[in-house]
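Following: one structure in structure tokens, then a few remarks.
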Amino acid sequence: MKSYIKFLTAVGTGCLLFASCDNDEFLETTKYDILEPSVQFANDDYALMNLNGIYTFNGISDFDGSWGYKPNMFTGTHPTMDTQCTGWDVKFLDQTWDASVSELGDGWAHAYAAIARANLFLSGLEDTDNNPDANVSDACKKTCEGEARALRGYFYTWLAQTFGRVPMLYTGEDYNNTPVKAKAETYEEMWDFIIDDFKAAADLLDWQPYNGNYGRCTKGMALAYLADAYMWKAYRCPEVADENYKLAKAALKSILESGTYSLATNFSTNWDPAGFWNSECIWAEVCDEGDNWSSWSGKYLDTQNSLMIKWFAACPENGGWGAQYLSWEWYACYESGDKRRDASCVTGAVPAAQMAAYGIEKSASVWGYNPWLQDSLGTKNDAGIVVNPYKNAEGEWVGTKTRQFHFTNGEYAPSIWTSKFWRSAYADGNSWGVAMWEPVIIYGKRLANVMLDYAECCFRTGDENTGWQMINDLRNRAWGNLEVGQDYSKYYGHYNEMYKAVGNGKTMTAYPLPVNTAVVTVPDAKTYYTALQATPNRVGYKHTSEAWKVAVNEERRKEFSSEWCLCPDMVKSGYMEDHINYNYPKDNTEGDALRDYPWSHREYDYDARKMDMPIPSIELMKNSALIQNDAYLGKSE
């Protein structure tokens, strides 16, 4: 007889002084004790505790301690080349990933473990009428079924986006009782199963989270992913595309018209501690160190990847590990005045003349500086002062690698670091102890996702004017017009508490990025992107996509850098190949030549088949019914 882990819901955890939020009842799932199967549905409380056993997979688990950062970054952003890396991670930049990559295997196991738990939970919930020990109210059953089906659909979505067709384990099934199962026979079968889960969840759930526990699935989350599933089905099954884009459009429209969500007035605040679970957030994961502060052993090592994102994302010369960088092609894609760029990154202090020579704008806020931490980027002396670089006899800059376009850390990577993750804690010795606590929010769906998906559906269903208007509305926020007259003291007040904890004597009296005091004129999206669509890139290649498709996806690049939706959204839109060829043309510049040269080295030919990543080798060994994806057949596993 199996027994099941019981989980306790803990809400309102506080987040120290500098990270408490206005409405901070985040859902946490903490192991509590073992609950016997005979009583797991004995009452509403027990049913909800067991439901939380599925939620734990949206954070950290023993199956994949890095879930939330890896493998999601590798599958969600790196293949676009807008985020970059060094070491063996480079496999996810040049399509050389293979079936032995551990993160793919870990991600597969993690997702199916979550699905198995959902399947067993839903099976038990269905059987409550025949269970003499069960006493679950109808209202609780509704919540439990809706949230469990939304979670199952969410994990199936990751699998389907990443690997293409995958095995579909149904209610009551896991890999113990169903160890051998083939992939879904067709994309239609697979996506219809996922669609059914999200449709049911949307019908069962409310717009507001159950008991005010932010972190729970809601009607808005289910509808956002339902629309996503319809759009993926349209991409995979073109014979039914028109119908599915209409269905996606209707689901997205219901979110927009619900009055539940609104854009944050300042794009940047979405990643501030005080910005968590704001009006723009539909579905997200919030990571923190919990009770593992100042620890570097035992169980903490199993969970450090999700909890220590600052080390992955920070500049190595400021204590980071340099596992994630942003490209200069991404940095250069922004129009002058678009504030999303400076809200998303910090750059090395590359000489302004060198930047200008390539038409790249030098930032007044994040050039060689992290304004949230009030810290310069680069090598520091014993007093913590950045060492001024100098030119040697050969005329080369030495002294700090952040003066180069590409940072040298054994290999070359762009000198740009995401501030979506590296902003609320230092990555050096100051981050240990009480000041180590760093909340990080990883978005699955924001209102911006809904707006751009809706814009795409409008274009595909003949509603062009609404599509352009939706993009213009998002750009209006991007240029800062929603900031006018707003008070942002609660956001920078949290950073002052962090400074106190560190004891560095710093203080902040205004938001770290300049805030608009008057409305500005925003360039019209249709005019701008129609011109861009017709403009050759630096090697003479012109976009092959329609202007609207260029617009939707280039706006996605500007909104969703370092967010795991970026690559899947480009793929389902049919834009990825055009994006790679236009924004990252083949370039043989590499090695030392990259120090004073911004553009990325690419030598591979894009292969759309490889965007269905390889079924992990270990799964092929365990499940004899599985067949490797086409792009990897005949290759060593």
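Identifiers in this document derive from the order of the structure tokens: chains are assigned A, B, ..., residues are numbered from 1 separately in each chain, and ligands are numbered from 1 in order of occurrence.
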Contacts of range 490-495 of chain A at 8 Å (only C-alpha atoms; same-chain gap of 6+ positions) as a PyMOL selection string: chain A and resi 17-19+269+272-275+372-373+424+507-512
Expected file: the selected residues, N, CA and C atoms, as a JSON list (two decimals), in the first residue's frame:
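Once everything was written out, this is out04.json:
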[["chain", "number", "residue", "atom", "x", "y", "z"],
["A", 17, "LEU", "N", 12.04, 42.33, 6.43],
["A", 17, "LEU", "CA", 11.47, 43.67, 6.39],
["A", 17, "LEU", "C", 11.38, 44.20, 4.97],
["A", 18, "PHE", "N", 12.41, 43.91, 4.16],
["A", 18, "PHE", "CA", 12.48, 44.58, 2.87],
["A", 18, "PHE", "C", 11.74, 43.84, 1.76],
["A", 19, "ALA", "N", 11.06, 42.75, 2.06],
["A", 19, "ALA", "CA", 10.39, 42.03, 0.99],
["A", 19, "ALA", "C", 8.94, 41.70, 1.29],
["A", 269, "THR", "N", 9.12, 47.56, -12.07],
["A", 269, "THR", "CA", 8.71, 47.16, -10.72],
["A", 269, "THR", "C", 8.20, 45.72, -10.66],
["A", 272, "ASP", "N", 10.80, 43.96, -8.67],
["A", 272, "ASP", "CA", 11.18, 44.46, -7.35],
["A", 272, "ASP", "C", 10.48, 43.63, -6.27],
["A", 273, "PRO", "N", 11.08, 43.53, -5.08],
["A", 273, "PRO", "CA", 10.44, 42.78, -4.00],
["A", 273, "PRO", "C", 9.01, 43.24, -3.71],
["A", 274, "ALA", "N", 8.76, 44.52, -3.80],
["A", 274, "ALA", "CA", 7.41, 45.04, -3.52],
["A", 274, "ALA", "C", 6.47, 44.85, -4.70],
["A", 275, "GLY", "N", 6.99, 44.32, -5.82],
["A", 275, "GLY", "CA", 6.16, 44.15, -7.01],
["A", 275, "GLY", "C", 5.63, 42.75, -7.20],
["A", 372, "TRP", "N", 20.07, 49.30, -8.73],
["A", 372, "TRP", "CA", 19.31, 48.77, -7.59],
["A", 372, "TRP", "C", 20.25, 48.47, -6.42],
["A", 373, "LEU", "N", 21.45, 48.02, -6.74],
["A", 373, "LEU", "CA", 22.43, 47.73, -5.70],
["A", 373, "LEU", "C", 23.39, 48.89, -5.48],
["A", 424, "SER", "N", 18.00, 42.44, -6.13],
["A", 424, "SER", "CA", 17.58, 42.61, -4.73],
["A", 424, "SER", "C", 18.54, 41.98, -3.74],
["A", 507, "THR", "N", 21.66, 54.60, 0.78],
["A", 507, "THR", "CA", 20.23, 54.86, 0.88],
["A", 507, "THR", "C", 19.72, 55.26, -0.49],
["A", 508, "MET", "N", 18.43, 55.16, -0.69],
["A", 508, "MET", "CA", 17.80, 55.48, -1.97],
["A", 508, "MET", "C", 16.63, 56.41, -1.70],
["A", 509, "THR", "N", 16.59, 57.52, -2.38],
["A", 509, "THR", "CA", 15.53, 58.51, -2.16],
["A", 509, "THR", "C", 14.59, 58.65, -3.35],
["A", 510, "ALA", "N", 14.86, 57.90, -4.41],
["A", 510, "ALA", "CA", 14.00, 57.90, -5.59],
["A", 510, "ALA", "C", 14.15, 56.56, -6.27],
["A", 511, "TYR", "N", 13.22, 56.23, -7.15],
["A", 511, "TYR", "CA", 13.32, 54.96, -7.84],
["A", 511, "TYR", "C", 14.63, 54.92, -8.62],
["A", 512, "PRO", "N", 15.34, 53.77, -8.64],
["A", 512, "PRO", "CA", 16.68, 53.72, -9.22],
["A", 512, "PRO", "C", 16.77, 54.01, -10.71]]
Surrounding residues of Ala184 in chain A excluding itself and chain neighbours under 6 positions, 7 Å, only C-alpha atoms, as a list of chain:residue names: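 My reading of the contact set: A:Arg165, A:Val166, A:Pro167, A:Met168, A:Met190.
The two atoms in question, CA of Val180 in chain A and CA of Tyr632 in chain A, are spaced 21.1 Å apart.
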Assign secondary structure with DSSP using the backbone only, and return the residues of range 373-562 of chain A in strand (DSSP E or B) as a VMD selection string. chain A and resid 375 to 376 380 386 390 to 391 397 to 398 406 to 408 412 to 414 416 to 418 440 to 446
Same residues, N, CA and C atoms, output as a short mmCIF file (atom, residue, chain, number, x, y, z; two decimals), in the first residue's frame:
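Heads up, here's the output in result_4.cif:
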data_model
loop_
_atom_site.label_atom_id
_atom_site.label_comp_id
_atom_site.auth_asym_id
_atom_site.auth_seq_id
_atom_site.Cartn_x
_atom_site.Cartn_y
_atom_site.Cartn_z
N ASP A 375 25.96 49.75 -7.24
CA ASP A 375 27.26 49.10 -7.29
C ASP A 375 27.80 49.13 -8.71
N SER A 376 29.04 49.53 -8.86
CA SER A 376 29.69 49.51 -10.16
C SER A 376 30.04 48.10 -10.56
N LYS A 380 37.25 45.07 -8.31
CA LYS A 380 37.38 46.06 -7.25
C LYS A 380 38.67 45.82 -6.46
N VAL A 386 35.96 50.05 -7.79
CA VAL A 386 36.26 49.47 -9.10
C VAL A 386 37.61 49.99 -9.59
N TYR A 390 43.07 50.71 -17.83
CA TYR A 390 44.04 51.52 -18.54
C TYR A 390 44.44 50.79 -19.81
N LYS A 391 45.02 51.51 -20.74
CA LYS A 391 45.47 50.91 -21.98
C LYS A 391 46.94 50.52 -21.86
N TRP A 397 42.64 47.65 -23.60
CA TRP A 397 42.14 47.92 -22.26
C TRP A 397 42.46 46.75 -21.35
N VAL A 398 42.99 47.02 -20.19
CA VAL A 398 43.23 45.98 -19.20
C VAL A 398 42.76 46.50 -17.85
N HIS A 406 32.57 41.68 -24.89
CA HIS A 406 32.39 40.31 -24.44
C HIS A 406 33.30 40.04 -23.25
N PHE A 407 32.68 39.56 -22.20
CA PHE A 407 33.38 39.30 -20.94
C PHE A 407 34.19 38.01 -21.06
N THR A 408 35.45 38.08 -20.68
CA THR A 408 36.32 36.91 -20.77
C THR A 408 36.36 36.20 -19.43
N TYR A 412 34.28 33.66 -24.04
CA TYR A 412 33.70 34.99 -24.21
C TYR A 412 32.18 34.93 -24.18
N ALA A 413 31.59 35.86 -23.42
CA ALA A 413 30.13 36.01 -23.37
C ALA A 413 29.84 37.50 -23.27
N PRO A 414 28.67 37.94 -23.74
CA PRO A 414 28.37 39.38 -23.76
C PRO A 414 28.43 40.00 -22.36
N ILE A 416 26.66 41.79 -20.58
CA ILE A 416 25.32 42.27 -20.22
C ILE A 416 24.70 41.23 -19.29
N TRP A 417 24.17 41.70 -18.16
CA TRP A 417 23.60 40.79 -17.17
C TRP A 417 22.16 41.19 -16.85
N THR A 418 21.29 40.20 -16.70
CA THR A 418 19.88 40.50 -16.45
C THR A 418 19.68 41.08 -15.05
N VAL A 440 13.06 36.19 -5.63
CA VAL A 440 13.12 36.28 -7.09
C VAL A 440 11.80 35.77 -7.63
N ILE A 441 11.20 36.52 -8.54
CA ILE A 441 9.94 36.08 -9.14
C ILE A 441 10.22 35.64 -10.57
N ILE A 442 9.73 34.46 -10.89
CA ILE A 442 9.87 33.90 -12.24
C ILE A 442 8.46 33.81 -12.82
N TYR A 443 8.19 34.62 -13.81
CA TYR A 443 6.83 34.69 -14.37
C TYR A 443 6.57 33.56 -15.36
N GLY A 444 5.39 32.98 -15.23
CA GLY A 444 4.88 32.08 -16.25
C GLY A 444 3.97 32.82 -17.20
N LYS A 445 3.06 33.61 -16.63
CA LYS A 445 2.15 34.42 -17.43
C LYS A 445 1.95 35.77 -16.75
N ARG A 446 2.18 36.82 -17.52
CA ARG A 446 1.80 38.18 -17.11
C ARG A 446 0.72 38.68 -18.06
#
Polymer residues at most 8 Å from Lys506 in chain A, only C-alpha atoms, same-chain spacing of 4 or more positions, as a compact mmCIF listing (two decimals) with C-alpha atoms, in the first residue's frame:
# COMPACT_ATOMS: atom_id res chain seq x y z
CA GLN A 374 24.20 51.08 -6.29
CA ASN A 496 16.85 50.78 1.87
CA TYR A 499 21.16 48.33 2.58
CA LYS A 500 20.57 48.41 6.35
Would you mind listing, for every residue of range 412-485 of chain A within 8 Å of range 242-259 of chain A, the two atoms forming the shortest contact and the distance between them in Å to one decimal, using only C-alpha atoms, sorted by chain and ascending residue number, as a Markdown table?
| residue | atom | partner | partner_atom | distance |
| --- | --- | --- | --- | --- |
| A:Val450 | CA | A:Leu252 | CA | 6.2 |
| A:Met451 | CA | A:Leu256 | CA | 7.9 |
| A:Asp453 | CA | A:Leu252 | CA | 7.7 |
| A:Tyr454 | CA | A:Lys249 | CA | 5.8 |
| A:Cys457 | CA | A:Lys249 | CA | 5.5 |
| A:Cys458 | CA | A:Lys249 | CA | 7.0 |
| A:Arg460 | CA | A:Tyr245 | CA | 7.1 |
| A:Thr461 | CA | A:Lys246 | CA | 6.8 |
Shell around Asn119 in chain A at 9 Å using only C-alpha atoms, local window under 5 positions removed, as a PDB file with N, CA and C atoms, in the first residue's frame:
ATOM      1  N   ALA A 114       5.221  15.400 -11.211  1.00  0.00           N
ATOM      2  CA  ALA A 114       4.099  16.285 -10.878  1.00  0.00           C
ATOM      3  C   ALA A 114       2.803  15.745 -11.479  1.00  0.00           C
ATOM      4  N   GLY A 124      -8.273   9.778  -6.705  1.00  0.00           N
ATOM      5  CA  GLY A 124      -8.848   9.702  -5.362  1.00  0.00           C
ATOM      6  C   GLY A 124     -10.028  10.626  -5.184  1.00  0.00           C
ATOM      7  N   ALA A 148      -5.945  21.017  -9.576  1.00  0.00           N
ATOM      8  CA  ALA A 148      -5.160  19.850  -9.977  1.00  0.00           C
ATOM      9  C   ALA A 148      -5.101  19.713 -11.493  1.00  0.00           C
ATOM     10  N   ARG A 149      -6.206  19.981 -12.165  1.00  0.00           N
ATOM     11  CA  ARG A 149      -6.204  19.876 -13.630  1.00  0.00           C
ATOM     12  C   ARG A 149      -5.411  21.013 -14.262  1.00  0.00           C
ATOM     13  N   ARG A 152      -1.768  19.956 -13.809  1.00  0.00           N
ATOM     14  CA  ARG A 152      -1.418  18.878 -14.752  1.00  0.00           C
ATOM     15  C   ARG A 152      -1.253  19.443 -16.162  1.00  0.00           C
ATOM     16  N   LEU A 169      -0.148  10.336 -19.722  1.00  0.00           N
ATOM     17  CA  LEU A 169      -0.632   9.524 -18.612  1.00  0.00           C
ATOM     18  C   LEU A 169      -1.961  10.110 -18.133  1.00  0.00           C
ATOM     19  N   TYR A 170      -2.956   9.276 -18.025  1.00  0.00           N
ATOM     20  CA  TYR A 170      -4.297   9.725 -17.673  1.00  0.00           C
ATOM     21  C   TYR A 170      -4.534   9.624 -16.170  1.00  0.00           C
ATOM     22  N   THR A 171      -5.676  10.126 -15.740  1.00  0.00           N
ATOM     23  CA  THR A 171      -6.046  10.080 -14.324  1.00  0.00           C
ATOM     24  C   THR A 171      -5.912   8.654 -13.792  1.00  0.00           C
ATOM     25  N   GLY A 172      -5.195   8.536 -12.672  1.00  0.00           N
ATOM     26  CA  GLY A 172      -4.956   7.233 -12.065  1.00  0.00           C
ATOM     27  C   GLY A 172      -3.660   6.585 -12.505  1.00  0.00           C
ATOM     28  N   GLU A 173      -3.020   7.094 -13.569  1.00  0.00           N
ATOM     29  CA  GLU A 173      -1.801   6.492 -14.095  1.00  0.00           C
ATOM     30  C   GLU A 173      -0.553   7.211 -13.591  1.00  0.00           C
ATOM     31  N   ASP A 174       0.496   6.427 -13.338  1.00  0.00           N
ATOM     32  CA  ASP A 174       1.836   6.971 -13.152  1.00  0.00           C
ATOM     33  C   ASP A 174       2.794   5.964 -13.768  1.00  0.00           C
TER      34      ASP A 174
END
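Each of A:Glu577, A:Glu189, A:Glu590, A:Asp82 was compared to Thr544 in chain A using only C-alpha atoms, and A:Glu577 turns out to be the nearest.
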Considering only C-alpha atoms, can you say which of A:Pro514, A:Gly105, A:Pro71, A:Gly378 comes closest to Gly320 in chain A? A:Gly378
What's the separation between CA of Tyr225 in chain A and CA of Ser344 in chain A, in Å to one decimal place? 24.7 Å
Between A:Ala608, A:Ile627, A:Leu532, A:Ile618, which one has atoms that come closest to Gln95 in chain A, using only C-alpha atoms?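 Of all the options, A:Ala608 lies closest to Gln95 in chain A.
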Extract, using only C-alpha atoms, all DNA, RNA and protein residues at most 9 Å from Asp133 in chain A, discarding same-chain residues fewer than 5 positions from it, and format them as an mmCIF file with C-alpha atoms, in the first residue's frame.
data_model
loop_
_atom_site.group_PDB
_atom_site.id
_atom_site.type_symbol
_atom_site.label_atom_id
_atom_site.label_comp_id
_atom_site.auth_asym_id
_atom_site.auth_seq_id
_atom_site.Cartn_x
_atom_site.Cartn_y
_atom_site.Cartn_z
ATOM 1 C CA SER A 38 -7.488 5.939 3.734
ATOM 2 C CA VAL A 39 -7.843 9.411 5.234
ATOM 3 C CA GLN A 40 -6.406 11.654 2.527
ATOM 4 C CA PHE A 41 -9.930 12.843 1.696
ATOM 5 C CA ALA A 42 -11.282 12.601 5.235
ATOM 6 C CA ASN A 43 -12.198 16.296 5.203
ATOM 7 C CA THR A 128 -14.740 10.037 -2.857
#
